[in-house]
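J.: Quick one, target36.txt (compact mmCIF, N, CA and C atoms):
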# COMPACT_ATOMS: atom_id res chain seq x y z
N MET A 1 -6.14 -20.70 5.89
CA MET A 1 -7.20 -20.16 5.07
C MET A 1 -6.60 -19.56 3.81
N SER A 2 -7.17 -19.88 2.67
CA SER A 2 -6.63 -19.35 1.42
C SER A 2 -7.22 -17.97 1.16
N GLU A 3 -6.42 -17.16 0.49
CA GLU A 3 -6.87 -15.82 0.14
C GLU A 3 -7.75 -15.91 -1.10
N THR A 4 -8.76 -15.09 -1.14
CA THR A 4 -9.64 -15.04 -2.30
C THR A 4 -9.47 -13.69 -2.97
N PRO A 5 -9.94 -13.55 -4.21
CA PRO A 5 -9.83 -12.25 -4.86
C PRO A 5 -10.49 -11.13 -4.05
N GLN A 6 -11.49 -11.45 -3.23
CA GLN A 6 -12.14 -10.43 -2.41
C GLN A 6 -11.21 -9.92 -1.32
N ASN A 7 -10.15 -10.66 -1.00
CA ASN A 7 -9.22 -10.26 0.05
C ASN A 7 -7.93 -9.68 -0.52
N GLU A 8 -7.82 -9.60 -1.83
CA GLU A 8 -6.59 -9.11 -2.44
C GLU A 8 -6.69 -7.63 -2.79
N ALA A 9 -5.60 -6.94 -2.51
CA ALA A 9 -5.51 -5.52 -2.82
C ALA A 9 -4.56 -5.33 -3.98
N LYS A 10 -4.75 -4.26 -4.70
CA LYS A 10 -3.87 -3.93 -5.82
C LYS A 10 -2.93 -2.82 -5.34
N LEU A 11 -1.67 -3.16 -5.16
CA LEU A 11 -0.67 -2.20 -4.71
C LEU A 11 -0.29 -1.32 -5.89
N LEU A 12 -0.44 0.02 -5.73
CA LEU A 12 -0.21 0.96 -6.83
C LEU A 12 1.05 1.80 -6.66
N ALA A 13 1.39 2.16 -5.42
CA ALA A 13 2.55 3.03 -5.17
C ALA A 13 2.96 2.90 -3.71
N TYR A 14 4.18 3.35 -3.44
CA TYR A 14 4.67 3.36 -2.06
C TYR A 14 5.66 4.50 -1.88
N SER A 15 5.81 4.90 -0.63
CA SER A 15 6.81 5.92 -0.32
C SER A 15 8.10 5.20 0.05
N PRO A 16 9.21 5.55 -0.59
CA PRO A 16 10.47 4.89 -0.27
C PRO A 16 10.94 5.32 1.12
N GLY A 17 11.78 4.51 1.71
CA GLY A 17 12.32 4.84 3.02
C GLY A 17 12.09 3.73 4.01
N ARG A 18 12.46 3.99 5.24
CA ARG A 18 12.40 2.99 6.31
C ARG A 18 10.97 2.64 6.73
N TYR A 19 10.02 3.57 6.55
CA TYR A 19 8.64 3.37 6.99
C TYR A 19 7.68 3.60 5.83
N PRO A 20 7.65 2.67 4.87
CA PRO A 20 6.86 2.89 3.66
C PRO A 20 5.37 3.05 3.92
N ILE A 21 4.80 4.00 3.21
CA ILE A 21 3.35 4.16 3.13
C ILE A 21 2.93 3.53 1.81
N LEU A 22 1.88 2.76 1.82
CA LEU A 22 1.39 2.10 0.61
C LEU A 22 0.12 2.79 0.13
N VAL A 23 -0.03 2.89 -1.19
CA VAL A 23 -1.29 3.31 -1.78
C VAL A 23 -1.86 2.06 -2.44
N VAL A 24 -3.04 1.68 -1.99
CA VAL A 24 -3.62 0.39 -2.34
C VAL A 24 -5.04 0.59 -2.85
N LYS A 25 -5.38 -0.16 -3.89
CA LYS A 25 -6.76 -0.18 -4.38
C LYS A 25 -7.40 -1.46 -3.83
N LEU A 26 -8.43 -1.30 -3.04
CA LEU A 26 -9.11 -2.43 -2.44
C LEU A 26 -10.06 -3.08 -3.45
N PRO A 27 -10.47 -4.31 -3.20
CA PRO A 27 -11.41 -4.97 -4.13
C PRO A 27 -12.68 -4.17 -4.36
N SER A 28 -13.07 -3.35 -3.40
CA SER A 28 -14.26 -2.51 -3.55
C SER A 28 -14.05 -1.36 -4.53
N GLY A 29 -12.76 -1.12 -4.89
CA GLY A 29 -12.43 -0.01 -5.79
C GLY A 29 -11.93 1.21 -5.05
N ASP A 30 -12.05 1.22 -3.72
CA ASP A 30 -11.58 2.35 -2.91
C ASP A 30 -10.06 2.40 -2.91
N LEU A 31 -9.50 3.61 -3.00
CA LEU A 31 -8.06 3.81 -2.83
C LEU A 31 -7.81 4.20 -1.38
N ARG A 32 -6.82 3.56 -0.77
CA ARG A 32 -6.50 3.80 0.64
C ARG A 32 -5.00 3.87 0.83
N THR A 33 -4.57 4.62 1.83
CA THR A 33 -3.17 4.61 2.24
C THR A 33 -3.06 3.72 3.48
N PHE A 34 -2.08 2.84 3.44
CA PHE A 34 -1.78 1.93 4.54
C PHE A 34 -0.44 2.35 5.13
N TYR A 35 -0.32 2.31 6.45
CA TYR A 35 0.84 2.87 7.14
C TYR A 35 1.66 1.84 7.89
N TYR A 36 2.97 1.98 7.80
CA TYR A 36 3.93 1.14 8.52
C TYR A 36 3.62 1.16 10.01
N GLU A 37 3.41 2.37 10.54
CA GLU A 37 3.21 2.54 11.98
C GLU A 37 2.01 1.77 12.52
N THR A 38 1.05 1.46 11.67
CA THR A 38 -0.14 0.72 12.11
C THR A 38 -0.04 -0.76 11.77
N GLY A 39 1.11 -1.18 11.24
CA GLY A 39 1.25 -2.57 10.82
C GLY A 39 0.43 -2.89 9.59
N TYR A 40 0.11 -1.83 8.81
CA TYR A 40 -0.70 -1.96 7.60
C TYR A 40 -2.08 -2.54 7.89
N ASP A 41 -2.61 -2.15 9.04
CA ASP A 41 -3.93 -2.58 9.48
C ASP A 41 -4.99 -1.95 8.57
N PRO A 42 -5.83 -2.77 7.93
CA PRO A 42 -6.85 -2.21 7.03
C PRO A 42 -7.89 -1.35 7.74
N GLU A 43 -8.02 -1.49 9.05
CA GLU A 43 -8.96 -0.67 9.80
C GLU A 43 -8.43 0.74 10.08
N LEU A 44 -7.12 0.94 9.88
CA LEU A 44 -6.49 2.22 10.19
C LEU A 44 -5.91 2.88 8.94
N THR A 45 -6.66 2.85 7.87
CA THR A 45 -6.24 3.44 6.60
C THR A 45 -6.93 4.78 6.40
N LYS A 46 -6.47 5.51 5.41
CA LYS A 46 -7.12 6.77 5.04
C LYS A 46 -7.54 6.70 3.58
N PRO A 47 -8.74 7.16 3.26
CA PRO A 47 -9.17 7.16 1.86
C PRO A 47 -8.45 8.27 1.08
N VAL A 48 -8.12 7.98 -0.17
CA VAL A 48 -7.51 8.96 -1.06
C VAL A 48 -8.18 8.83 -2.43
N THR A 49 -7.86 9.76 -3.30
CA THR A 49 -8.42 9.74 -4.65
C THR A 49 -7.30 9.49 -5.67
N GLU A 50 -7.70 9.17 -6.88
CA GLU A 50 -6.70 9.00 -7.94
C GLU A 50 -5.98 10.32 -8.20
N ASP A 51 -6.70 11.44 -8.12
CA ASP A 51 -6.06 12.75 -8.30
C ASP A 51 -4.99 12.97 -7.23
N TRP A 52 -5.30 12.64 -5.98
CA TRP A 52 -4.31 12.78 -4.91
C TRP A 52 -3.09 11.92 -5.19
N LEU A 53 -3.32 10.70 -5.64
CA LEU A 53 -2.21 9.79 -5.96
C LEU A 53 -1.30 10.42 -7.01
N ARG A 54 -1.86 10.91 -8.08
CA ARG A 54 -1.06 11.48 -9.18
C ARG A 54 -0.42 12.82 -8.80
N GLU A 55 -1.22 13.72 -8.26
CA GLU A 55 -0.74 15.09 -8.02
C GLU A 55 0.10 15.22 -6.74
N ASN A 56 -0.30 14.59 -5.67
CA ASN A 56 0.40 14.74 -4.40
C ASN A 56 1.43 13.65 -4.16
N ALA A 57 0.96 12.41 -4.08
CA ALA A 57 1.87 11.32 -3.71
C ALA A 57 3.01 11.19 -4.72
N ILE A 58 2.67 11.01 -5.97
CA ILE A 58 3.70 10.81 -7.00
C ILE A 58 4.28 12.14 -7.45
N GLY A 59 3.41 13.13 -7.62
CA GLY A 59 3.86 14.43 -8.13
C GLY A 59 4.70 15.25 -7.18
N ARG A 60 4.38 15.22 -5.88
CA ARG A 60 5.06 16.10 -4.92
C ARG A 60 5.84 15.38 -3.84
N HIS A 61 5.47 14.16 -3.52
CA HIS A 61 6.05 13.50 -2.36
C HIS A 61 6.90 12.28 -2.68
N SER A 62 7.31 12.15 -3.91
CA SER A 62 8.27 11.12 -4.34
C SER A 62 7.83 9.68 -4.09
N PHE A 63 6.52 9.45 -4.09
CA PHE A 63 6.08 8.06 -4.03
C PHE A 63 6.53 7.38 -5.32
N VAL A 64 6.76 6.11 -5.25
CA VAL A 64 7.18 5.34 -6.40
C VAL A 64 5.96 4.58 -6.93
N GLU A 65 5.61 4.87 -8.17
CA GLU A 65 4.51 4.14 -8.80
C GLU A 65 5.02 2.79 -9.24
N ILE A 66 4.23 1.77 -9.04
CA ILE A 66 4.63 0.42 -9.47
C ILE A 66 3.54 -0.15 -10.35
N SER A 67 3.92 -1.09 -11.18
CA SER A 67 2.91 -1.81 -11.95
C SER A 67 1.99 -2.46 -10.93
N PRO A 68 0.70 -2.30 -11.08
CA PRO A 68 -0.19 -2.85 -10.07
C PRO A 68 0.14 -4.32 -9.77
N ARG A 69 0.22 -4.59 -8.50
CA ARG A 69 0.56 -5.93 -8.04
C ARG A 69 -0.48 -6.39 -7.04
N GLN A 70 -1.06 -7.55 -7.28
CA GLN A 70 -2.06 -8.11 -6.38
C GLN A 70 -1.36 -8.71 -5.16
N VAL A 71 -1.79 -8.29 -3.98
CA VAL A 71 -1.25 -8.78 -2.71
C VAL A 71 -2.41 -8.98 -1.76
N PRO A 72 -2.49 -10.13 -1.09
CA PRO A 72 -3.55 -10.28 -0.09
C PRO A 72 -3.42 -9.19 0.97
N VAL A 73 -4.52 -8.61 1.39
CA VAL A 73 -4.50 -7.55 2.39
C VAL A 73 -3.76 -8.02 3.64
N SER A 74 -3.98 -9.26 4.02
CA SER A 74 -3.34 -9.80 5.23
C SER A 74 -1.83 -9.96 5.08
N ALA A 75 -1.31 -9.86 3.86
CA ALA A 75 0.12 -10.06 3.61
C ALA A 75 0.87 -8.77 3.28
N LEU A 76 0.23 -7.61 3.43
CA LEU A 76 0.89 -6.36 3.08
C LEU A 76 2.14 -6.12 3.92
N ARG A 77 2.07 -6.39 5.22
CA ARG A 77 3.25 -6.18 6.08
C ARG A 77 4.40 -7.07 5.64
N ASP A 78 4.12 -8.33 5.35
CA ASP A 78 5.16 -9.24 4.89
C ASP A 78 5.73 -8.80 3.55
N TYR A 79 4.87 -8.31 2.66
CA TYR A 79 5.33 -7.82 1.36
C TYR A 79 6.31 -6.67 1.55
N VAL A 80 5.98 -5.72 2.42
CA VAL A 80 6.86 -4.57 2.66
C VAL A 80 8.20 -5.05 3.21
N ARG A 81 8.17 -5.91 4.19
CA ARG A 81 9.43 -6.40 4.77
C ARG A 81 10.30 -7.11 3.74
N ARG A 82 9.68 -7.97 2.97
CA ARG A 82 10.42 -8.80 2.01
C ARG A 82 10.83 -8.03 0.76
N GLU A 83 9.91 -7.29 0.16
CA GLU A 83 10.15 -6.69 -1.15
C GLU A 83 10.68 -5.26 -1.09
N LEU A 84 10.21 -4.47 -0.15
CA LEU A 84 10.62 -3.06 -0.10
C LEU A 84 11.78 -2.82 0.85
N LEU A 85 11.73 -3.45 2.02
CA LEU A 85 12.79 -3.23 3.00
C LEU A 85 13.91 -4.28 2.91
N LYS A 86 13.66 -5.33 2.14
CA LYS A 86 14.64 -6.41 1.92
C LYS A 86 15.08 -7.06 3.24
N GLU A 87 14.15 -7.22 4.16
CA GLU A 87 14.43 -7.92 5.40
C GLU A 87 14.16 -9.40 5.22
N PRO A 88 14.84 -10.25 6.00
CA PRO A 88 14.60 -11.71 5.87
C PRO A 88 13.22 -12.12 6.33
Please rewrite the model in this file as structure tokens.
T.:
Amino acid sequence: MSETPQNEAKLLAYSPGRYPILVVKLPSGDLRTFYYETGYDPELTKPVTEDWLRENAIGRHSFVEISPRQVPVSALRDYVRRELLKEP
């Protein structure tokens, strides 16, 4: 099945380390945090705001802001393994 724009998320930031947390903008416009521990399951995310992203995640908790990158929601786990953790 091919991914459509409705299934793609915009990756905005992540927490560095062995168990990255992702901050993702969904096609609906909602900002959510996706967690390593849940396998980046979209059903187990937490809603956040742009203010939280700027003030808490990036401002206080050393999240790394990235140029927004479109990634299919179903491929977030593979993206983390390949791009952030550099696993084969």
J.: Find the distance between atom CA of A:Gly39 and atom CA of A:Arg77 and write it in Å to one decimal.
T.: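 So the answer is 6.3 Å.
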J.: Which residues come within 7 Å of A:Leu22, counting only C-alpha atoms, excluding same-chain residues fewer than 6 positions away, as a PyMOL selection string?
T.: chain A and resi 13-15+33-35
J.: Could you please take those selected residues and save N, CA and C atoms as a short mmCIF file (atom, residue, chain, number, x, y, z; two decimals), in the coordinates of the input?
T.:
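What ended up in again.cif:
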data_model
loop_
_atom_site.label_atom_id
_atom_site.label_comp_id
_atom_site.auth_asym_id
_atom_site.auth_seq_id
_atom_site.Cartn_x
_atom_site.Cartn_y
_atom_site.Cartn_z
N ALA A 13 1.39 2.16 -5.42
CA ALA A 13 2.55 3.03 -5.17
C ALA A 13 2.96 2.90 -3.71
N TYR A 14 4.18 3.35 -3.44
CA TYR A 14 4.67 3.36 -2.06
C TYR A 14 5.66 4.50 -1.88
N SER A 15 5.81 4.90 -0.63
CA SER A 15 6.81 5.92 -0.32
C SER A 15 8.10 5.20 0.05
N THR A 33 -4.57 4.62 1.83
CA THR A 33 -3.17 4.61 2.24
C THR A 33 -3.06 3.72 3.48
N PHE A 34 -2.08 2.84 3.44
CA PHE A 34 -1.78 1.93 4.54
C PHE A 34 -0.44 2.35 5.13
N TYR A 35 -0.32 2.31 6.45
CA TYR A 35 0.84 2.87 7.14
C TYR A 35 1.66 1.84 7.89
#
J.: I'd like the interatomic distance between atom CA of A:Arg81 and atom CA of A:Ile21, to a tenth of an Å.
T.: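 Atom CA of A:Ile21 lies 12.3 Å from atom CA of A:Arg81.
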J.: As an MDAnalysis selection string, please: the residues near A:Pro72 (cut-off 7 Å, only N, CA and C atoms, same-chain neighbours under 3 positions excluded).
T.: chainID A and resid 3 7:9 75:76
J.: With N, CA and C atoms retained, could you export that selection as a PDB file, in the frame of the given file?
T.:
ATOM      1  N   GLU A   3      -6.420 -17.160   0.490  1.00  0.00           N
ATOM      2  CA  GLU A   3      -6.870 -15.820   0.140  1.00  0.00           C
ATOM      3  C   GLU A   3      -7.750 -15.910  -1.100  1.00  0.00           C
ATOM      4  N   ASN A   7     -10.150 -10.660  -1.000  1.00  0.00           N
ATOM      5  CA  ASN A   7      -9.220 -10.260   0.050  1.00  0.00           C
ATOM      6  C   ASN A   7      -7.930  -9.680  -0.520  1.00  0.00           C
ATOM      7  N   GLU A   8      -7.820  -9.600  -1.830  1.00  0.00           N
ATOM      8  CA  GLU A   8      -6.590  -9.110  -2.440  1.00  0.00           C
ATOM      9  C   GLU A   8      -6.690  -7.630  -2.790  1.00  0.00           C
ATOM     10  N   ALA A   9      -5.600  -6.940  -2.510  1.00  0.00           N
ATOM     11  CA  ALA A   9      -5.510  -5.520  -2.820  1.00  0.00           C
ATOM     12  C   ALA A   9      -4.560  -5.330  -3.980  1.00  0.00           C
ATOM     13  N   ALA A  75      -1.310  -9.860   3.860  1.00  0.00           N
ATOM     14  CA  ALA A  75       0.120 -10.060   3.610  1.00  0.00           C
ATOM     15  C   ALA A  75       0.870  -8.770   3.280  1.00  0.00           C
ATOM     16  N   LEU A  76       0.230  -7.610   3.430  1.00  0.00           N
ATOM     17  CA  LEU A  76       0.890  -6.360   3.080  1.00  0.00           C
ATOM     18  C   LEU A  76       2.140  -6.120   3.920  1.00  0.00           C
TER      19      LEU A  76
END
J.: Taking into account only C-alpha atoms, which residue in the set A:Lys86, A:Pro20, A:His61, A:Leu12 is nearest to A:Glu37?
T.: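 Checking each of A:Lys86, A:Pro20, A:His61, A:Leu12 against A:Glu37, counting only C-alpha atoms, the winner is A:Pro20.
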J.: Select, from A:Glu55, A:Leu31, A:Tyr36, A:Asp41, the residue with the minimum atom-to-atom distance to A:Tyr19, counting all atoms listed in the file.
T.: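 Checking each of A:Glu55, A:Leu31, A:Tyr36, A:Asp41 against A:Tyr19, counting all atoms listed in the file, the winner is A:Tyr36.
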J.: Can you tell me how far atom CA of A:Tyr40 sits from atom CA of A:Arg82, in Å to one decimal?
T.: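 Going from atom CA of A:Tyr40 over to atom CA of A:Arg82, I get 14.2 Å.
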